[in-house]
$ cat final_14.tsv   # TSV, C-alpha atoms and all ligand atoms
chain	number	residue	atom	x	y	z
A	4	MET	CA	22.69	11.47	7.09
A	5	SER	CA	20.71	14.24	5.43
A	6	PRO	CA	17.32	13.46	3.91
A	7	ALA	CA	17.20	12.09	0.36
A	8	ALA	CA	14.88	13.34	-2.36
A	9	ALA	CA	12.65	11.13	-4.49
A	10	PHE	CA	10.30	11.94	-7.30
A	11	PHE	CA	7.58	10.49	-9.50
A	12	GLU	CA	6.93	12.47	-12.70
A	13	ASP	CA	6.81	16.10	-11.48
A	14	ILE	CA	6.20	15.33	-7.78
A	15	TRP	CA	9.17	15.66	-5.43
A	16	VAL	CA	9.30	14.46	-1.83
A	17	MET	CA	11.92	14.37	0.90
A	18	VAL	CA	12.77	10.96	2.41
A	19	ASN	CA	14.04	11.02	5.98
A	20	ASP	CA	16.40	8.52	7.64
A	21	GLY	CA	14.61	5.35	8.73
A	22	VAL	CA	11.87	5.76	6.11
A	23	TYR	CA	11.57	3.53	3.02
A	24	GLU	CA	13.13	5.25	0.04
A	25	PRO	CA	10.75	5.09	-2.96
A	26	ALA	CA	11.91	2.43	-5.43
A	27	GLU	CA	10.61	0.48	-8.44
A	28	ASP	CA	7.74	-0.98	-6.39
A	29	THR	CA	6.64	2.51	-5.31
A	30	PHE	CA	6.79	3.81	-8.88
A	31	MET	CA	4.83	0.80	-10.21
A	32	LEU	CA	2.06	1.56	-7.73
A	33	CYS	CA	2.13	5.31	-8.49
A	34	ALA	CA	1.89	4.66	-12.24
A	35	ASN	CA	-1.23	2.48	-11.87
A	36	LEU	CA	-3.34	4.34	-9.31
A	37	GLU	CA	-5.71	5.83	-11.91
A	38	THR	CA	-7.62	7.81	-9.30
A	39	THR	CA	-10.46	10.19	-10.12
A	40	PRO	CA	-11.88	13.09	-8.06
A	41	ASP	CA	-14.64	10.71	-6.87
A	42	ASP	CA	-12.22	8.23	-5.32
A	43	THR	CA	-11.80	7.72	-1.60
A	44	VAL	CA	-8.39	6.12	-1.16
A	45	LEU	CA	-6.69	4.29	1.69
A	46	GLU	CA	-2.95	3.87	1.34
A	47	LEU	CA	-1.52	1.55	3.96
A	48	GLY	CA	2.17	1.87	4.83
A	49	THR	CA	2.63	5.26	3.19
A	50	GLY	CA	6.30	5.76	4.14
A	51	CYS	CA	7.30	9.23	2.94
A	52	GLY	CA	3.80	9.76	1.44
A	53	LEU	CA	4.67	9.78	-2.27
A	54	VAL	CA	1.94	7.29	-3.32
A	55	ALA	CA	-0.70	9.19	-1.31
A	56	ILE	CA	0.35	12.49	-2.91
A	57	VAL	CA	0.20	11.00	-6.42
A	58	ALA	CA	-3.25	9.55	-5.62
A	59	ALA	CA	-4.49	12.95	-4.40
A	60	ARG	CA	-3.30	15.02	-7.34
A	61	THR	CA	-6.42	14.09	-9.36
A	62	GLY	CA	-8.64	15.44	-6.56
A	63	ALA	CA	-9.23	12.12	-4.74
A	64	LYS	CA	-9.57	12.11	-0.94
A	65	VAL	CA	-6.88	10.02	0.72
A	66	ILE	CA	-6.23	8.52	4.14
A	67	ALA	CA	-2.61	7.39	4.44
A	68	THR	CA	-1.35	5.31	7.37
A	69	ASP	CA	1.88	3.85	8.64
A	70	GLN	CA	2.90	2.09	11.83
A	71	SER	CA	6.22	3.96	11.91
A	72	PRO	CA	6.30	7.34	13.70
A	73	LEU	CA	9.25	8.35	11.48
A	74	ALA	CA	7.18	7.67	8.36
A	75	ILE	CA	4.19	9.58	9.76
A	76	GLN	CA	6.33	12.65	10.49
A	77	ASN	CA	7.94	12.44	7.03
A	78	ALA	CA	4.61	11.97	5.19
A	79	LYS	CA	3.02	14.88	7.08
A	80	SER	CA	5.79	17.27	6.07
A	81	ASN	CA	5.65	16.18	2.41
A	82	VAL	CA	1.85	16.54	2.36
A	83	ALA	CA	2.19	20.04	3.88
A	84	PHE	CA	4.89	20.96	1.33
A	85	HIS	CA	2.46	20.05	-1.47
A	86	ASN	CA	-0.34	21.88	0.35
A	87	LEU	CA	-2.56	18.80	0.28
A	88	GLN	CA	-3.61	18.75	3.98
A	89	ASN	CA	-7.25	19.24	2.93
A	90	GLN	CA	-7.18	16.10	0.81
A	91	ILE	CA	-4.76	13.77	2.59
A	92	GLU	CA	-5.22	12.73	6.19
A	93	ILE	CA	-2.26	10.92	7.78
A	94	ARG	CA	-2.94	8.44	10.60
A	95	GLN	CA	-0.51	6.34	12.61
A	96	GLY	CA	-1.16	2.67	13.36
A	97	SER	CA	-0.78	-0.92	12.27
A	98	PHE	CA	-2.85	-2.46	9.47
A	99	PHE	CA	-6.49	-1.28	9.80
A	100	ASP	CA	-6.24	-0.17	13.45
A	101	PRO	CA	-6.42	3.55	12.49
A	102	ILE	CA	-9.54	2.97	10.36
A	103	LYS	CA	-13.01	3.26	11.88
A	104	PRO	CA	-15.28	0.21	11.41
A	105	ASP	CA	-17.70	2.20	9.22
A	106	GLU	CA	-15.03	3.67	6.90
A	107	GLN	CA	-14.89	2.15	3.42
A	108	PHE	CA	-12.84	3.09	0.37
A	109	SER	CA	-13.10	2.91	-3.41
A	110	LEU	CA	-9.38	2.11	-3.59
A	111	ILE	CA	-7.04	0.47	-1.10
A	112	ALA	CA	-3.36	0.49	-2.10
A	113	PHE	CA	-0.49	-1.22	-0.30
A	114	ASN	CA	3.18	-1.71	-1.10
A	115	PRO	CA	3.89	-3.97	1.88
A	116	PRO	CA	7.16	-5.21	3.34
A	117	TYR	CA	7.25	-8.37	1.18
A	118	LEU	CA	10.80	-9.72	1.40
A	119	PRO	CA	11.68	-12.71	3.60
A	120	GLY	CA	13.26	-11.49	6.85
A	121	THR	CA	12.53	-11.66	10.58
A	122	THR	CA	13.57	-9.70	13.66
A	123	LYS	CA	16.24	-12.39	14.26
A	124	ASP	CA	18.09	-11.36	11.08
A	125	PRO	CA	20.84	-8.77	11.59
A	126	ALA	CA	19.64	-6.96	8.46
A	127	PHE	CA	15.98	-6.89	9.61
A	128	ASP	CA	14.25	-3.72	8.45
A	129	PRO	CA	10.49	-3.25	9.14
A	130	THR	CA	10.13	-1.22	5.95
A	131	TRP	CA	10.79	-4.29	3.76
A	132	SER	CA	10.95	-7.42	5.97
A	133	GLY	CA	7.70	-9.34	5.71
A	134	GLY	CA	8.36	-12.31	8.03
A	135	THR	CA	10.02	-15.70	7.55
A	136	GLU	CA	8.60	-16.25	4.06
A	137	GLY	CA	7.92	-12.60	3.35
A	138	ARG	CA	4.16	-13.21	3.62
A	139	GLU	CA	3.16	-12.27	7.18
A	140	VAL	CA	2.31	-8.62	6.50
A	141	THR	CA	0.58	-9.45	3.20
A	142	GLU	CA	-1.56	-12.19	4.76
A	143	ASN	CA	-2.59	-10.10	7.75
A	144	PHE	CA	-3.55	-7.30	5.35
A	145	LEU	CA	-5.51	-9.63	3.02
A	146	SER	CA	-7.43	-11.17	5.91
A	147	GLN	CA	-8.94	-7.79	6.81
A	148	CYS	CA	-8.99	-5.84	3.57
A	149	SER	CA	-12.30	-6.70	1.91
A	150	LYS	CA	-14.47	-5.30	4.71
A	151	TYR	CA	-12.93	-1.85	4.19
A	152	LEU	CA	-13.58	-1.83	0.43
A	153	LEU	CA	-16.77	-0.39	-1.03
A	154	PRO	CA	-18.83	-2.99	-2.95
A	155	THR	CA	-17.43	-1.56	-6.19
A	156	GLY	CA	-13.97	-0.94	-4.71
A	157	ARG	CA	-10.59	-1.96	-6.02
A	158	LEU	CA	-7.45	-3.20	-4.36
A	159	LEU	CA	-3.88	-2.62	-5.59
A	160	LEU	CA	-1.17	-4.73	-3.95
A	161	ILE	CA	2.54	-5.04	-4.75
A	162	GLN	CA	4.04	-8.53	-4.52
A	163	SER	CA	7.33	-10.21	-5.42
A	164	THR	CA	8.17	-13.62	-6.82
A	165	LEU	CA	10.46	-13.99	-3.78
A	166	SER	CA	7.42	-14.39	-1.51
A	167	ASP	CA	5.12	-16.86	-3.27
A	168	PRO	CA	2.62	-14.61	-5.08
A	169	LYS	CA	0.60	-17.69	-6.12
A	170	LYS	CA	-0.77	-17.75	-2.58
A	171	THR	CA	-1.82	-14.12	-2.94
A	172	ARG	CA	-3.54	-14.82	-6.27
A	173	ALA	CA	-5.39	-17.82	-4.79
A	174	HIS	CA	-6.60	-15.73	-1.83
A	175	LEU	CA	-7.78	-12.91	-4.10
A	176	GLU	CA	-9.51	-15.22	-6.57
A	177	GLN	CA	-11.60	-16.70	-3.75
A	178	ARG	CA	-12.86	-13.31	-2.60
A	179	TYR	CA	-13.01	-10.90	-5.56
A	180	HIS	CA	-14.83	-10.97	-8.89
A	181	THR	CA	-11.87	-9.97	-11.03
A	182	VAL	CA	-8.18	-10.41	-10.33
A	183	GLN	CA	-5.40	-9.41	-12.68
A	184	ILE	CA	-1.72	-8.64	-12.71
A	185	LYS	CA	-1.92	-5.00	-13.70
A	186	ALA	CA	1.84	-4.45	-14.05
A	187	GLU	CA	5.02	-6.48	-13.70
A	188	LYS	CA	8.73	-5.91	-14.03
A	189	ALA	CA	11.63	-8.36	-13.95
A	190	PHE	CA	14.91	-7.77	-12.16
A	191	PHE	CA	17.88	-10.10	-12.02
A	192	PHE	CA	16.77	-11.59	-8.68
A	193	GLU	CA	12.97	-11.15	-8.64
A	194	ARG	CA	9.88	-10.14	-10.57
A	195	LEU	CA	7.69	-7.42	-9.11
A	196	LEU	CA	3.95	-7.82	-9.58
A	197	LEU	CA	1.09	-5.41	-9.06
A	198	PHE	CA	-2.16	-7.27	-8.32
A	199	GLU	CA	-5.49	-5.55	-8.94
A	200	ALA	CA	-8.62	-7.09	-7.45
A	201	GLN	CA	-12.12	-5.70	-7.80
A	202	ASN	CA	-15.57	-6.09	-6.35
A	203	PRO	CA	-15.50	-8.22	-3.23
A	204	ILE	CA	-18.04	-11.01	-3.61
A	205	ASN	CA	-21.06	-10.38	-1.41
A	206	THR	CA	-21.28	-13.74	0.37
A	207	SER	CA	-24.61	-12.94	2.01
A	208	LYS	CA	-26.16	-12.62	-1.48
A	209	LEU	CA	-24.45	-15.78	-2.67
A	210	LYS	CA	-25.96	-17.81	0.15
A	211	LYS	CA	-29.47	-16.76	-0.95
A	212	LEU	CA	-28.96	-18.05	-4.53
B	301	LIG	C1	7.88	-1.11	1.27
B	301	LIG	S1	7.51	0.26	2.32
B	301	LIG	C2	6.45	1.21	1.22
B	301	LIG	C3	6.45	2.71	1.53
B	301	LIG	C4	5.69	3.56	0.50
B	301	LIG	N1	4.29	3.23	0.44
B	301	LIG	C5	6.30	3.35	-0.85
B	301	LIG	O1	5.69	2.67	-1.70
B	301	LIG	O2	7.41	3.86	-1.07
B	301	LIG	C6	6.36	-0.46	3.47
B	301	LIG	C7	5.79	0.50	4.48
B	301	LIG	O3	4.81	-0.19	5.27
B	301	LIG	C8	4.94	0.19	6.61
B	301	LIG	N2	4.39	-0.90	7.42
B	301	LIG	C9	4.94	-2.11	7.71
B	301	LIG	N3	4.10	-2.86	8.44
B	301	LIG	C10	2.98	-2.11	8.63
B	301	LIG	C11	1.75	-2.32	9.32
B	301	LIG	N4	1.52	-3.46	9.97
B	301	LIG	N5	0.83	-1.34	9.30
B	301	LIG	C12	1.07	-0.17	8.65
B	301	LIG	N6	2.22	0.09	8.00
B	301	LIG	C13	3.16	-0.86	7.97
B	301	LIG	C14	6.44	0.42	6.81
B	301	LIG	O4	6.69	1.26	7.92
B	301	LIG	C15	6.80	1.07	5.47
B	301	LIG	O5	6.67	2.46	5.53
$ encode --input "final_14.tsv" --output "structure tokens"
Amino acid sequence: MSPAAAFFEDIWVMVNDGVYEPAEDTFMLCANLETTPDDTVLELGTGCGLVAIVAARTGAKVIATDQSPLAIQNAKSNVAFHNLQNQIEIRQGSFFDPIKPDEQFSLIAFNPPYLPGTTKDPAFDPTWSGGTEGREVTENFLSQCSKYLLPTGRLLLIQSTLSDPKKTRAHLEQRYHTVQIKAEKAFFFERLLLFEAQNPINTSKLKKL
């Protein structure tokens, strides 16, 4: 199959075979990035790179990662097409493996594989299958995320009502000062949610109170 094209507003990208084709979840994330030139952004699971490119168009610096070599190759060529190599660095690896321990970001954005599905399913696809209940990737991400956020940083995370977003909300509310559903959209089989969480609580300070 030949590559597909996808776009958000005036930004076009090519989407190669084996790479997640931007959909409503991608566009919800793109529409709510609200980056500024001062932002340092980490986009996990960048796929073809569209979210990273939208984040960078305001002047923000972006690191975009993916575990899939196909996605990395695709994102690199889209970033080069938009001449954004000076602003967007693409790194391959799973979760926070490609991030150095001292790197922290003002925004971390992730549209994870969130649908129920395991490697035992014939239709398994690592671009959207998030484990038996659709939560494995999300929970692994959440368990590590706050240490890579600046004290005033913000997290944007796509979730679906098909994979128990109440658990995500509960996790976020325990660790961040403010948690809100920044955007949502209903479809006939699910509701997509975009969680925004801000300001990880500094537990060392709390203990002193
Ligand atoms: C739903 S797609 C989103 C792609 C793109 N960000 C978008 O919004 O169109 C999820 C992406 O996460 C990547 N991914 C899955 N598990 C990952 C992991 N453990 N670490 C990094 N990337 C992962 C997949 O390869 C896929 O590109």
$ closest_residue --input "final_14.tsv" --among "A:Gly120, A:Pro115, A:Gly156, A:Gly21" --to "ligand LIG 301 (chain B)" --atoms "only C-alpha atoms and all ligand atoms"
A:Pro115
$ residues_around --input "final_14.tsv" --residues "range 79-95 of chain A" --least-positions-apart "5" --cutoff "7 Å" --atoms "all atoms listed in the file" --output "list in words"
Val16, Met17, Gly52, Ile56, Ala59, Lys64, Val65, Ile66, Ala67, Thr68, Asp69, Gln70, Pro72 and Pro101 of chain A
$ residues_near_ligand --input "final_14.tsv" --ligand "ligand LIG 301 (chain B)" --cutoff "7 Å" --atoms "only C-alpha atoms and all ligand atoms" --output "VMD selection string"
chain A and resid 22 to 26 28 to 29 47 to 54 68 to 71 74 96 to 98 113 to 116 129 to 131 140
$ residues_around --input "final_14.tsv" --residues "Asn35 in chain A" --least-positions-apart "4" --cutoff "10 Å" --atoms "only C-alpha atoms" --output "PyMOL selection string"
chain A and resi 30-31+58+159+185-186+197+199
$ residues_around --input "final_14.tsv" --residues "Lys123 in chain A" --least-positions-apart "4" --cutoff "12 Å" --atoms "only C-alpha atoms" --output "MDAnalysis selection string"
chainID A and resid 119 127:129 132 134:135
$ residues_near_point --input "final_14.tsv" --point "(-15.1, -11.1, -7.1)" --cutoff "10 Å" --atoms "all atoms listed in the file" --output "PyMOL selection string"
chain A and resi 154-155+175-182+200-205
$ atom_distance --input "final_14.tsv" --atom1 "CA of Thr122 in chain A" --atom2 "CA of Ala189 in chain A"
27.7 Å
$ atom_distance --input "final_14.tsv" --atom1 "CA of Leu153 in chain A" --atom2 "CA of Glu37 in chain A"
16.7 Å
$ residues_around --input "final_14.tsv" --residues "range 146-151 of chain A" --least-positions-apart "5" --cutoff "8 Å" --atoms "all atoms listed in the file" --output "compact mmCIF listing (two decimals) with C-alpha atoms, keeping the file's coordinate frame"
# COMPACT_ATOMS: atom_id res chain seq x y z
CA PHE A 99 -6.49 -1.28 9.80
CA PRO A 104 -15.28 0.21 11.41
CA GLU A 106 -15.03 3.67 6.90
CA GLN A 107 -14.89 2.15 3.42
CA PHE A 108 -12.84 3.09 0.37
CA PRO A 203 -15.50 -8.22 -3.23
$ closest_residue --input "final_14.tsv" --among "A:Glu187, A:Asp105, A:Asp20, A:Glu27" --to "Leu152 in chain A" --atoms "all atoms listed in the file"
A:Asp105
$ closest_residue --input "final_14.tsv" --among "A:Tyr117, A:Phe10, A:Phe144, A:Trp15" --to "Glu193 in chain A" --atoms "all atoms listed in the file"
A:Tyr117
$ atom_distance --input "final_14.tsv" --atom1 "CA of Val18 in chain A" --atom2 "CA of Ser109 in chain A"
27.7 Å
